[in-house]
Amino acid sequence: MPLQPRPIATLADIEAIESGPYADFMPHASLHAALSDSAMRHADRTALRYVQDADAPARTQAWTYRDFITEVRRTANLFRALAGGDEPRVAILMPAIPQGVFALWAAEIAGVACPINYLLDSAHIAGLIRASGANLLVALGPNAELAIWPRVADLRAQCPGLKQVLAVGVGVGKEGDSPAPPEGALCFDSARAAQPGDALRFGRAVRADTLAALFHTGGTTGAPKLAQHTHGNQLHTAWSAAQLYAMDQHDVIVNGFPIFHVAGSLVYGLSTLLSGAELLLPTLLGLRNTRYVQRYWQVVERHRVTLLAAVPTVMATLLNTPTQGADVSRVRALYTGGSPLPPELATAFEARHGIAVRNILGMTECAGVVAIEPGAAPRMPGSCGLRLPYTQVQAVRRAGEVATADIGAGIGAEICAAGESGVLRLRGPHVSPGYTDATRDAGTFDGGWLLSGDIGHVDAQGRVFVTGRAKDVIIRSGHNIEPGLIEEALMRHPDVAFAAAVGAPDEYAGEVPVAYVVLKDGAGIDAAGLLAFVQQHIAEPPALPKHIDLLDALPQTAVGKVYKPALRLRAIERVVRDRLLRAGLQSQVDVQGQDSASGLSLQLLRLPAAVDAGSDTDVDAAVRAVMAPFALRWSWSA
């Protein structure tokens, strides 16, 4: 039974879908069946296009849906052959180029995929490979732009379970004309080309609950944390997303997200492939390629792009990237997620480029999506959109002394009324069965519910809003950082008595880590010394705190736990006061933080103006300019 598009604009559309059996919405239990269905229906349409050169955006490679399913089947057959009778478990260290896409879906069809962030250090990558049970590794070969291959020898030494390493060339044609592979590795392209692509050469019983992938989450450092995805999880997220985008076979989407991130692989990747639309991959470095970004709008015009996908920080860059006369009239929406969306940024982008902005709330633990703002409905500032079909998203309130972050499905989980704030939780076909290490499920998975860690509410129209965070995780440019890793590094210093790390707002990254420390009596270290110290104990630069504050005591709850909302509020106030100082407004605006059941917020108050101060209108405009880049709840009393 083929997939039947059911575009979604309102909660009523979702409820109409839910009035029928689930099999009418998602008839396929396996990724191979779903991708094969799409390839059959859209055989001659372009499935995948790769812009090879930022300086020559006309230089592209393209695969039709018939070509695409052939390459995926060839790769799946290769993985089964190399696994030697075992289930293939494939670690993938690849940027978002065609071979990486083939490897991802082939690994899930043949066994289990484990796409890994290639920017992590070798020790962390090795830990993820071992934790996933990977027996095959696909990695980008020697390359001047992206140095992944130099780590492979070390990874092989640390991961004795690897049976084979495959090296991927760059600029490879469909015929597999790759250069000779490095010593000790197979050429991925040549080996793939030698396999049959008309059908799978192995039998495998796959159900919706069959494991498809392991996606790492929970920090750029620390012990491996792998979220399990089933075939059903991924199919539900991708097809639901496509309906909320109102995507069809005539769409072309630019996807610059990496394949190790659920956004790149599922939210914008698989959703496109199930719809018969065209997935455009922007060069080896994706949207980290500054030369490509400078030519972004020309690529959009040349390839008749209709949908864009970008985190808010990239949106801010594109806002200030002139179109240089490029025709962008075919683009109907930009979808964004990964970090909070400042409403002012969305408004400015829409005004400058005439392109609608729509928000997405997602988690790795639910295959990438909690809610999406429909492309066919007006944008509601602050909204993350509607839940997916056949799912539930609820706000639940605390009861008694139960900590907000610990509310699950059991005692104390009282459902909030429409518009009432609580901790957001969800369940549905897209929710992961849990982490590979079940001991880490506590606080995230509870009785079939996934606890988001976000504070927010659901309004009477079904729209989901996030107003704060109960969970500790720091989200920097879409990547999760566990505060515990920073705190552990600080506690190694003999002068430190207590340490706590939280996220501080940042115009570019959304959040950056900061730390608060209580020193022992007689300590001789200062904040600068502690920053130098933790640099020796935190391997990944994104997790290094931007600054450290020394306090006499950390705020605590009634039961003696560190009360991190107070520290987050302190961090927010510090950043905002700093930006007001830079704007010359420190003598005219007072900043007062508020911690309430609906989350953290700021109240900015007009102080008695100095003699030489500008008009109220000038001050108002200056304050709004300072606050515009931040996804914060704030009010301004002039």
# chains A, B, ... in the order shown; residues from 1 in each chain; ligands from 1
>>> residues_around(residues="Val300 (chain A)", least_positions_apart="2", cutoff="9 Å", atoms="only C-alpha atoms", output="ChimeraX atom specification")
/A:254,295-298,302-306,308,326-328,330-331
>>> write_last_selection(atoms="all heavy atoms", output="compact mmCIF listing (two decimals), in the first residue's frame")
# COMPACT_ATOMS: atom_id res chain seq x y z
N VAL A 254 16.96 22.32 0.74
CA VAL A 254 18.39 22.39 1.06
C VAL A 254 18.57 21.88 2.48
O VAL A 254 18.05 22.45 3.43
CB VAL A 254 18.93 23.83 0.95
CG1 VAL A 254 20.42 23.86 1.31
CG2 VAL A 254 18.72 24.37 -0.44
N ARG A 295 27.22 32.14 -1.54
CA ARG A 295 26.54 31.88 -2.81
C ARG A 295 25.19 31.18 -2.60
O ARG A 295 24.61 30.65 -3.55
CB ARG A 295 27.44 31.03 -3.71
CG ARG A 295 28.71 31.74 -4.13
CD ARG A 295 29.76 30.75 -4.60
NE ARG A 295 30.95 31.44 -5.09
CZ ARG A 295 31.89 32.00 -4.33
NH1 ARG A 295 31.75 31.97 -3.00
NH2 ARG A 295 32.94 32.60 -4.86
N TYR A 296 24.75 31.17 -1.37
CA TYR A 296 23.56 30.40 -0.98
C TYR A 296 22.35 30.73 -1.85
O TYR A 296 21.68 29.84 -2.39
CB TYR A 296 23.25 30.67 0.49
CG TYR A 296 22.13 29.83 1.06
CD1 TYR A 296 22.39 28.58 1.62
CD2 TYR A 296 20.81 30.30 1.05
CE1 TYR A 296 21.37 27.82 2.16
CE2 TYR A 296 19.79 29.54 1.59
CZ TYR A 296 20.07 28.30 2.15
OH TYR A 296 19.06 27.55 2.67
N TRP A 297 22.06 32.00 -2.01
CA TRP A 297 20.84 32.39 -2.72
C TRP A 297 20.94 32.08 -4.21
O TRP A 297 19.91 31.80 -4.86
CB TRP A 297 20.53 33.86 -2.48
CG TRP A 297 20.28 34.16 -1.03
CD1 TRP A 297 21.02 34.95 -0.20
CD2 TRP A 297 19.21 33.64 -0.21
NE1 TRP A 297 20.50 34.96 1.07
CE2 TRP A 297 19.38 34.17 1.09
CE3 TRP A 297 18.13 32.79 -0.46
CZ2 TRP A 297 18.50 33.87 2.13
CZ3 TRP A 297 17.26 32.49 0.57
CH2 TRP A 297 17.45 33.02 1.85
N GLN A 298 22.14 32.10 -4.77
CA GLN A 298 22.30 31.72 -6.17
C GLN A 298 22.01 30.22 -6.36
O GLN A 298 21.41 29.81 -7.36
CB GLN A 298 23.72 32.05 -6.66
CG GLN A 298 23.96 33.54 -6.93
CD GLN A 298 23.93 34.38 -5.67
OE1 GLN A 298 24.51 33.99 -4.64
NE2 GLN A 298 23.26 35.51 -5.71
N ARG A 302 19.19 28.60 -8.74
CA ARG A 302 19.58 27.67 -9.80
C ARG A 302 18.83 26.34 -9.70
O ARG A 302 18.41 25.77 -10.71
CB ARG A 302 21.09 27.43 -9.75
CG ARG A 302 21.59 26.40 -10.76
CD ARG A 302 23.09 26.21 -10.64
NE ARG A 302 23.81 27.42 -11.03
CZ ARG A 302 24.09 27.75 -12.29
NH1 ARG A 302 23.71 26.96 -13.28
NH2 ARG A 302 24.74 28.86 -12.55
N HIS A 303 18.66 25.84 -8.47
CA HIS A 303 18.07 24.52 -8.30
C HIS A 303 16.60 24.56 -7.90
O HIS A 303 16.05 23.57 -7.45
CB HIS A 303 18.90 23.73 -7.28
CG HIS A 303 20.30 23.50 -7.75
ND1 HIS A 303 20.62 22.69 -8.82
CD2 HIS A 303 21.49 24.01 -7.31
CE1 HIS A 303 21.92 22.70 -9.02
NE2 HIS A 303 22.48 23.49 -8.13
N ARG A 304 15.98 25.72 -8.08
CA ARG A 304 14.54 25.88 -7.90
C ARG A 304 14.08 25.37 -6.52
O ARG A 304 13.10 24.63 -6.38
CB ARG A 304 13.79 25.15 -9.03
CG ARG A 304 14.22 25.61 -10.42
CD ARG A 304 13.60 24.79 -11.52
NE ARG A 304 12.17 25.02 -11.62
CZ ARG A 304 11.61 26.00 -12.33
NH1 ARG A 304 12.38 26.85 -13.01
NH2 ARG A 304 10.31 26.16 -12.37
N VAL A 305 14.82 25.79 -5.51
CA VAL A 305 14.57 25.35 -4.14
C VAL A 305 13.25 25.92 -3.63
O VAL A 305 12.93 27.09 -3.87
CB VAL A 305 15.74 25.77 -3.22
CG1 VAL A 305 15.40 25.52 -1.75
CG2 VAL A 305 17.00 25.01 -3.62
N THR A 306 12.50 25.09 -2.88
CA THR A 306 11.21 25.52 -2.33
C THR A 306 11.19 25.53 -0.81
O THR A 306 10.35 26.20 -0.21
CB THR A 306 10.08 24.60 -2.81
OG1 THR A 306 10.34 23.25 -2.38
CG2 THR A 306 9.96 24.63 -4.33
N LEU A 308 13.75 25.55 2.90
CA LEU A 308 15.05 25.71 3.51
C LEU A 308 15.02 25.10 4.91
O LEU A 308 13.98 25.04 5.55
CB LEU A 308 15.44 27.19 3.62
CG LEU A 308 15.28 28.05 2.37
CD1 LEU A 308 15.66 29.49 2.68
CD2 LEU A 308 16.13 27.50 1.22
N ALA A 326 19.23 37.29 -6.83
CA ALA A 326 18.74 35.93 -7.05
C ALA A 326 17.23 35.87 -6.83
O ALA A 326 16.69 36.51 -5.93
CB ALA A 326 19.44 34.95 -6.11
N ASP A 327 16.55 35.08 -7.66
CA ASP A 327 15.11 34.91 -7.54
C ASP A 327 14.83 33.81 -6.51
O ASP A 327 15.11 32.64 -6.74
CB ASP A 327 14.54 34.50 -8.90
CG ASP A 327 13.02 34.28 -8.87
OD1 ASP A 327 12.40 34.56 -7.82
OD2 ASP A 327 12.48 33.81 -9.88
N VAL A 328 14.27 34.21 -5.36
CA VAL A 328 13.97 33.24 -4.29
C VAL A 328 12.46 33.09 -4.12
O VAL A 328 11.99 32.60 -3.10
CB VAL A 328 14.62 33.66 -2.96
CG1 VAL A 328 16.14 33.73 -3.10
CG2 VAL A 328 14.07 34.99 -2.46
N ARG A 330 10.36 31.06 -5.30
CA ARG A 330 9.81 29.70 -5.18
C ARG A 330 9.87 29.18 -3.74
O ARG A 330 9.20 28.21 -3.42
CB ARG A 330 10.56 28.75 -6.10
CG ARG A 330 10.40 29.02 -7.59
CD ARG A 330 11.10 27.95 -8.42
NE ARG A 330 11.06 28.28 -9.84
CZ ARG A 330 11.95 29.04 -10.46
NH1 ARG A 330 12.96 29.57 -9.77
NH2 ARG A 330 11.85 29.30 -11.74
N VAL A 331 10.70 29.79 -2.91
CA VAL A 331 10.87 29.30 -1.54
C VAL A 331 9.64 29.67 -0.72
O VAL A 331 9.31 30.85 -0.58
CB VAL A 331 12.13 29.87 -0.88
CG1 VAL A 331 12.30 29.29 0.52
CG2 VAL A 331 13.36 29.58 -1.73
>>> select_by_dssp(residues="region 169-274 of chain A", states="strand (DSSP E)", output="list in words")
Leu186, Cys187, Leu211, Ala212, Ala213, Leu214, Phe215, His216, Leu226, Ala227, Gln228, His229, Thr230, Val252, Ile253, Val254 and Asn255 of chain A
>>> residues_around(residues="Arg579 (chain A)", least_positions_apart="2", cutoff="12 Å", atoms="only C-alpha atoms", output="JSON, numbers by chain")
{"A": [505, 506, 507, 572, 573, 574, 575, 576, 577, 581, 582, 583, 584, 585, 586, 589, 591, 622, 623, 624, 625, 626, 627, 628, 629, 630]}
>>> closest_residue(among="A:Phe533, A:Phe260, A:Phe68, A:Tyr245", to="Ile92 (chain A)", atoms="only C-alpha atoms")
A:Phe260
>>> atom_distance(atom1="CA of Thr60 (chain A)", atom2="CA of Ala147 (chain A)")
22.8 Å
>>> residues_around(residues="Ala29 (chain A)", least_positions_apart="3", cutoff="10 Å", atoms="only C-alpha atoms", output="PyMOL selection string")
chain A and resi 23+26+32-34+206-210+230-233+235-236
>>> write_last_selection(atoms="N, CA, C and O atoms", output="compact mmCIF listing (two decimals), in the first residue's frame")
# COMPACT_ATOMS: atom_id res chain seq x y z
N ALA A 23 -2.52 2.10 10.01
CA ALA A 23 -1.96 1.53 8.78
C ALA A 23 -2.31 2.36 7.55
O ALA A 23 -1.61 2.29 6.54
N MET A 26 0.61 5.11 7.97
CA MET A 26 1.93 4.55 7.71
C MET A 26 1.78 3.05 7.45
O MET A 26 1.76 2.23 8.37
N HIS A 32 13.15 -0.23 4.21
CA HIS A 32 13.35 -0.69 2.83
C HIS A 32 12.04 -0.68 2.07
O HIS A 32 11.97 -0.24 0.91
N ALA A 33 10.96 -1.13 2.70
CA ALA A 33 9.66 -1.13 2.03
C ALA A 33 9.22 0.29 1.70
O ALA A 33 8.72 0.57 0.60
N ALA A 34 9.42 1.21 2.64
CA ALA A 34 8.98 2.60 2.42
C ALA A 34 9.81 3.28 1.33
O ALA A 34 9.26 3.97 0.46
N VAL A 206 11.79 -7.83 9.30
CA VAL A 206 11.79 -6.51 9.93
C VAL A 206 10.37 -6.12 10.29
O VAL A 206 9.46 -6.19 9.46
N ARG A 207 10.19 -5.72 11.54
CA ARG A 207 8.91 -5.20 12.01
C ARG A 207 9.11 -3.73 12.40
O ARG A 207 10.24 -3.23 12.43
N ALA A 208 8.01 -3.09 12.72
CA ALA A 208 8.11 -1.67 13.11
C ALA A 208 8.98 -1.49 14.34
O ALA A 208 9.63 -0.46 14.51
N ASP A 209 9.03 -2.51 15.23
CA ASP A 209 9.83 -2.39 16.45
C ASP A 209 11.23 -2.96 16.32
O ASP A 209 11.95 -3.08 17.31
N THR A 210 11.66 -3.27 15.10
CA THR A 210 13.03 -3.75 14.87
C THR A 210 14.00 -2.57 14.97
O THR A 210 13.76 -1.50 14.41
N THR A 230 13.83 2.58 16.32
CA THR A 230 13.29 1.47 15.55
C THR A 230 12.90 1.97 14.15
O THR A 230 12.83 3.18 13.90
N HIS A 231 12.61 1.02 13.26
CA HIS A 231 12.12 1.40 11.93
C HIS A 231 10.84 2.21 12.07
O HIS A 231 10.65 3.23 11.38
N GLY A 232 9.95 1.78 12.97
CA GLY A 232 8.70 2.50 13.15
C GLY A 232 8.89 3.90 13.69
O GLY A 232 8.19 4.84 13.28
N ASN A 233 9.83 4.08 14.62
CA ASN A 233 10.12 5.42 15.15
C ASN A 233 10.47 6.38 14.02
O ASN A 233 9.90 7.48 13.91
N LEU A 235 10.14 6.08 10.65
CA LEU A 235 9.12 6.26 9.62
C LEU A 235 8.02 7.20 10.10
O LEU A 235 7.53 8.04 9.35
N HIS A 236 7.65 7.07 11.38
CA HIS A 236 6.57 7.92 11.89
C HIS A 236 7.00 9.39 11.92
O HIS A 236 6.25 10.27 11.48
>>> closest_residue(among="A:Asp67, A:Glu183, A:Glu488, A:Glu145", to="Met40 (chain A)", atoms="only C-alpha atoms")
A:Asp67
>>> residues_around(residues="Leu162 (chain A)", least_positions_apart="5", cutoff="9 Å", atoms="only C-alpha atoms", output="compact mmCIF listing (two decimals) with N, CA and C atoms, in the first residue's frame")
# COMPACT_ATOMS: atom_id res chain seq x y z
N ILE A 129 31.73 3.69 19.33
CA ILE A 129 31.84 2.51 18.47
C ILE A 129 31.72 1.24 19.31
N ARG A 130 32.43 1.19 20.43
CA ARG A 130 32.37 0.00 21.29
C ARG A 130 30.98 -0.16 21.89
N GLY A 133 28.50 -1.67 19.52
CA GLY A 133 28.78 -3.01 19.02
C GLY A 133 29.11 -3.02 17.54
N ALA A 134 29.56 -1.89 17.01
CA ALA A 134 29.82 -1.78 15.57
C ALA A 134 30.91 -2.76 15.14
N ASN A 135 30.66 -3.45 14.02
CA ASN A 135 31.67 -4.34 13.45
C ASN A 135 32.19 -3.85 12.11
N LEU A 136 31.59 -2.77 11.57
CA LEU A 136 32.06 -2.14 10.34
C LEU A 136 32.17 -0.64 10.57
N LEU A 137 33.12 -0.02 9.91
CA LEU A 137 33.30 1.43 10.00
C LEU A 137 33.41 2.00 8.60
N ARG A 156 40.85 1.91 15.15
CA ARG A 156 40.98 0.46 14.96
C ARG A 156 41.69 -0.18 16.15
>>> residues_around(residues="Pro542 (chain A)", least_positions_apart="3", cutoff="9 Å", atoms="only C-alpha atoms", output="ChimeraX atom specification")
/A:220,476,479,481,512-513,545
>>> write_last_selection(atoms="all heavy atoms", output="tab-separated table (two decimals), in the first residue's frame")
chain	number	residue	atom	x	y	z
A	220	THR	N	28.84	16.45	24.38
A	220	THR	CA	29.99	16.33	23.49
A	220	THR	C	31.14	15.61	24.18
A	220	THR	O	32.16	15.33	23.57
A	220	THR	CB	30.48	17.72	23.04
A	220	THR	OG1	30.85	18.46	24.20
A	220	THR	CG2	29.40	18.46	22.30
A	476	ARG	N	24.17	23.95	22.76
A	476	ARG	CA	25.02	24.92	22.07
A	476	ARG	C	25.03	24.63	20.58
A	476	ARG	O	25.54	23.60	20.15
A	476	ARG	CB	26.45	24.86	22.63
A	476	ARG	CG	27.40	25.87	22.00
A	476	ARG	CD	28.74	25.88	22.71
A	476	ARG	NE	29.57	26.97	22.22
A	476	ARG	CZ	30.72	27.35	22.77
A	476	ARG	NH1	31.17	26.73	23.85
A	476	ARG	NH2	31.40	28.36	22.25
A	479	HIS	N	23.89	21.18	19.67
A	479	HIS	CA	24.58	20.05	20.28
A	479	HIS	C	24.40	20.08	21.79
A	479	HIS	O	24.49	21.13	22.42
A	479	HIS	CB	26.07	20.08	19.93
A	479	HIS	CG	26.33	19.93	18.46
A	479	HIS	ND1	26.18	18.75	17.78
A	479	HIS	CD2	26.71	20.84	17.53
A	479	HIS	CE1	26.46	18.92	16.51
A	479	HIS	NE2	26.78	20.18	16.33
A	481	ILE	N	25.28	19.39	25.67
A	481	ILE	CA	26.44	19.33	26.56
A	481	ILE	C	25.92	19.00	27.96
A	481	ILE	O	25.05	19.70	28.47
A	481	ILE	CB	27.21	20.67	26.59
A	481	ILE	CG1	27.75	21.01	25.19
A	481	ILE	CG2	28.36	20.64	27.60
A	481	ILE	CD1	28.28	22.44	25.07
A	512	VAL	N	25.64	28.99	25.67
A	512	VAL	CA	27.02	28.58	25.92
A	512	VAL	C	27.13	28.19	27.39
A	512	VAL	O	26.39	28.70	28.24
A	512	VAL	CB	28.03	29.71	25.59
A	512	VAL	CG1	28.05	30.00	24.10
A	512	VAL	CG2	27.71	30.97	26.38
A	513	PRO	N	28.04	27.27	27.74
A	513	PRO	CA	28.16	26.86	29.13
A	513	PRO	C	28.88	27.90	29.98
A	513	PRO	O	29.87	28.51	29.54
A	513	PRO	CB	28.97	25.56	29.04
A	513	PRO	CG	29.71	25.65	27.76
A	513	PRO	CD	28.87	26.47	26.83
A	545	PRO	N	33.59	26.13	29.67
A	545	PRO	CA	32.75	27.26	30.11
A	545	PRO	C	33.30	28.58	29.58
A	545	PRO	O	34.51	28.80	29.55
A	545	PRO	CB	32.83	27.18	31.63
A	545	PRO	CG	34.02	26.36	31.95
A	545	PRO	CD	34.22	25.42	30.80
>>> closest_residue(among="A:Gly286, A:Gly100, A:Gly503, A:Pro389", to="Pro21 (chain A)", atoms="only C-alpha atoms")
A:Pro389
>>> residues_around(residues="Met94 (chain A)", least_positions_apart="6", cutoff="7 Å", atoms="only C-alpha atoms", output="list in words")
Gly100, Tyr118, Ala139 and Leu140 of chain A
>>> closest_residue(among="A:Pro5, A:Gly593, A:Gly169, A:Pro494", to="Ile148 (chain A)", atoms="only C-alpha atoms")
A:Gly169
>>> closest_residue(among="A:Leu285, A:Arg59, A:Arg66, A:Lys163", to="Asn143 (chain A)", atoms="only C-alpha atoms")
A:Leu285
>>> select_by_dssp(residues="region 93-160 of chain A", states="helix (DSSP H, G or I)", output="ChimeraX atom specification")
/A:98-110,122-132,149-158
>>> write_last_selection(atoms="N, CA, C and O atoms", output="tab-separated table (two decimals), in the first residue's frame")
chain	number	residue	atom	x	y	z
A	98	PRO	N	26.66	12.25	-0.64
A	98	PRO	CA	25.83	11.12	-1.08
A	98	PRO	C	26.25	9.77	-0.51
A	98	PRO	O	25.40	8.98	-0.09
A	99	GLN	N	27.57	9.50	-0.48
A	99	GLN	CA	27.99	8.20	0.05
A	99	GLN	C	27.59	8.02	1.51
A	99	GLN	O	27.29	6.91	1.96
A	100	GLY	N	27.59	9.11	2.28
A	100	GLY	CA	27.15	9.03	3.66
A	100	GLY	C	25.67	8.71	3.76
A	100	GLY	O	25.24	7.96	4.65
A	101	VAL	N	24.88	9.29	2.87
A	101	VAL	CA	23.44	9.02	2.85
A	101	VAL	C	23.18	7.56	2.46
A	101	VAL	O	22.36	6.87	3.08
A	102	PHE	N	23.89	7.07	1.42
A	102	PHE	CA	23.74	5.66	1.04
A	102	PHE	C	24.08	4.75	2.22
A	102	PHE	O	23.38	3.78	2.51
A	103	ALA	N	25.19	5.05	2.89
A	103	ALA	CA	25.65	4.21	3.99
A	103	ALA	C	24.64	4.20	5.14
A	103	ALA	O	24.39	3.15	5.75
A	104	LEU	N	24.05	5.35	5.45
A	104	LEU	CA	23.10	5.43	6.56
A	104	LEU	C	21.91	4.52	6.32
A	104	LEU	O	21.57	3.68	7.17
A	105	TRP	N	21.24	4.68	5.17
A	105	TRP	CA	20.02	3.89	4.95
A	105	TRP	C	20.32	2.44	4.67
A	105	TRP	O	19.57	1.55	5.08
A	106	ALA	N	21.45	2.16	4.04
A	106	ALA	CA	21.83	0.76	3.82
A	106	ALA	C	22.12	0.05	5.13
A	106	ALA	O	21.75	-1.11	5.33
A	107	ALA	N	22.79	0.74	6.05
A	107	ALA	CA	23.10	0.14	7.34
A	107	ALA	C	21.82	-0.18	8.10
A	107	ALA	O	21.71	-1.23	8.76
A	108	GLU	N	20.82	0.71	8.03
A	108	GLU	CA	19.57	0.47	8.74
A	108	GLU	C	18.77	-0.66	8.09
A	108	GLU	O	18.05	-1.40	8.77
A	109	ILE	N	18.88	-0.79	6.79
A	109	ILE	CA	18.17	-1.87	6.09
A	109	ILE	C	18.85	-3.21	6.34
A	109	ILE	O	18.19	-4.23	6.54
A	110	ALA	N	20.19	-3.22	6.36
A	110	ALA	CA	20.94	-4.47	6.54
A	110	ALA	C	21.09	-4.86	8.00
A	110	ALA	O	21.22	-6.03	8.34
A	122	SER	N	39.04	11.26	19.39
A	122	SER	CA	39.13	9.83	19.08
A	122	SER	C	38.65	8.95	20.23
A	122	SER	O	38.01	7.91	20.00
A	123	ALA	N	38.96	9.35	21.47
A	123	ALA	CA	38.56	8.53	22.61
A	123	ALA	C	37.04	8.44	22.72
A	123	ALA	O	36.48	7.37	23.01
A	124	HIS	N	36.35	9.57	22.49
A	124	HIS	CA	34.89	9.56	22.57
A	124	HIS	C	34.30	8.77	21.41
A	124	HIS	O	33.35	7.98	21.59
A	125	ILE	N	34.83	8.95	20.21
A	125	ILE	CA	34.34	8.18	19.06
A	125	ILE	C	34.53	6.69	19.30
A	125	ILE	O	33.63	5.88	19.05
A	126	ALA	N	35.68	6.32	19.81
A	126	ALA	CA	35.95	4.90	20.10
A	126	ALA	C	34.96	4.36	21.12
A	126	ALA	O	34.48	3.22	21.00
A	127	GLY	N	34.65	5.16	22.14
A	127	GLY	CA	33.67	4.73	23.14
A	127	GLY	C	32.31	4.49	22.52
A	127	GLY	O	31.61	3.52	22.88
A	128	LEU	N	31.90	5.34	21.58
A	128	LEU	CA	30.62	5.17	20.91
A	128	LEU	C	30.63	3.93	20.01
A	128	LEU	O	29.64	3.19	19.94
A	129	ILE	N	31.73	3.69	19.33
A	129	ILE	CA	31.84	2.51	18.47
A	129	ILE	C	31.72	1.24	19.31
A	129	ILE	O	30.98	0.31	18.98
A	130	ARG	N	32.43	1.19	20.43
A	130	ARG	CA	32.37	0.00	21.29
A	130	ARG	C	30.98	-0.16	21.89
A	130	ARG	O	30.43	-1.27	21.93
A	131	ALA	N	30.38	0.94	22.34
A	131	ALA	CA	29.06	0.85	22.97
A	131	ALA	C	27.99	0.41	21.97
A	131	ALA	O	27.01	-0.24	22.36
A	132	SER	N	28.16	0.76	20.71
A	132	SER	CA	27.18	0.39	19.69
A	132	SER	C	27.35	-1.05	19.22
A	132	SER	O	26.47	-1.59	18.55
A	149	TRP	N	40.10	10.91	8.42
A	149	TRP	CA	40.87	9.69	8.25
A	149	TRP	C	42.06	9.55	9.21
A	149	TRP	O	42.36	8.44	9.66
A	150	PRO	N	42.75	10.63	9.58
A	150	PRO	CA	43.88	10.46	10.49
A	150	PRO	C	43.52	9.80	11.82
A	150	PRO	O	44.41	9.28	12.51
A	151	ARG	N	42.25	9.76	12.19
A	151	ARG	CA	41.85	9.14	13.45
A	151	ARG	C	41.60	7.64	13.32
A	151	ARG	O	41.48	6.95	14.33
A	152	VAL	N	41.51	7.16	12.08
A	152	VAL	CA	41.03	5.79	11.88
A	152	VAL	C	41.99	4.75	12.46
A	152	VAL	O	41.55	3.77	13.08
A	153	ALA	N	43.29	4.94	12.31
A	153	ALA	CA	44.24	3.96	12.85
A	153	ALA	C	44.08	3.83	14.36
A	153	ALA	O	44.08	2.71	14.91
A	154	ASP	N	43.91	4.95	15.03
A	154	ASP	CA	43.72	4.93	16.48
A	154	ASP	C	42.39	4.25	16.83
A	154	ASP	O	42.31	3.49	17.81
A	155	LEU	N	41.35	4.50	16.05
A	155	LEU	CA	40.06	3.88	16.30
A	155	LEU	C	40.13	2.37	16.14
A	155	LEU	O	39.54	1.62	16.93
A	156	ARG	N	40.85	1.91	15.15
A	156	ARG	CA	40.98	0.46	14.96
A	156	ARG	C	41.69	-0.18	16.15
A	156	ARG	O	41.32	-1.26	16.60
A	157	ALA	N	42.69	0.52	16.66
A	157	ALA	CA	43.42	-0.03	17.81
A	157	ALA	C	42.55	-0.08	19.06
A	157	ALA	O	42.67	-1.01	19.87
A	158	GLN	N	41.65	0.91	19.22
A	158	GLN	CA	40.81	0.96	20.40
A	158	GLN	C	39.52	0.14	20.28
A	158	GLN	O	38.83	-0.07	21.28
>>> closest_residue(among="A:Pro374, A:Gly448, A:Pro57, A:Pro142", to="Arg427 (chain A)", atoms="only C-alpha atoms")
A:Gly448
>>> atom_distance(atom1="CA of Leu35 (chain A)", atom2="CA of Cys366 (chain A)")
20.5 Å
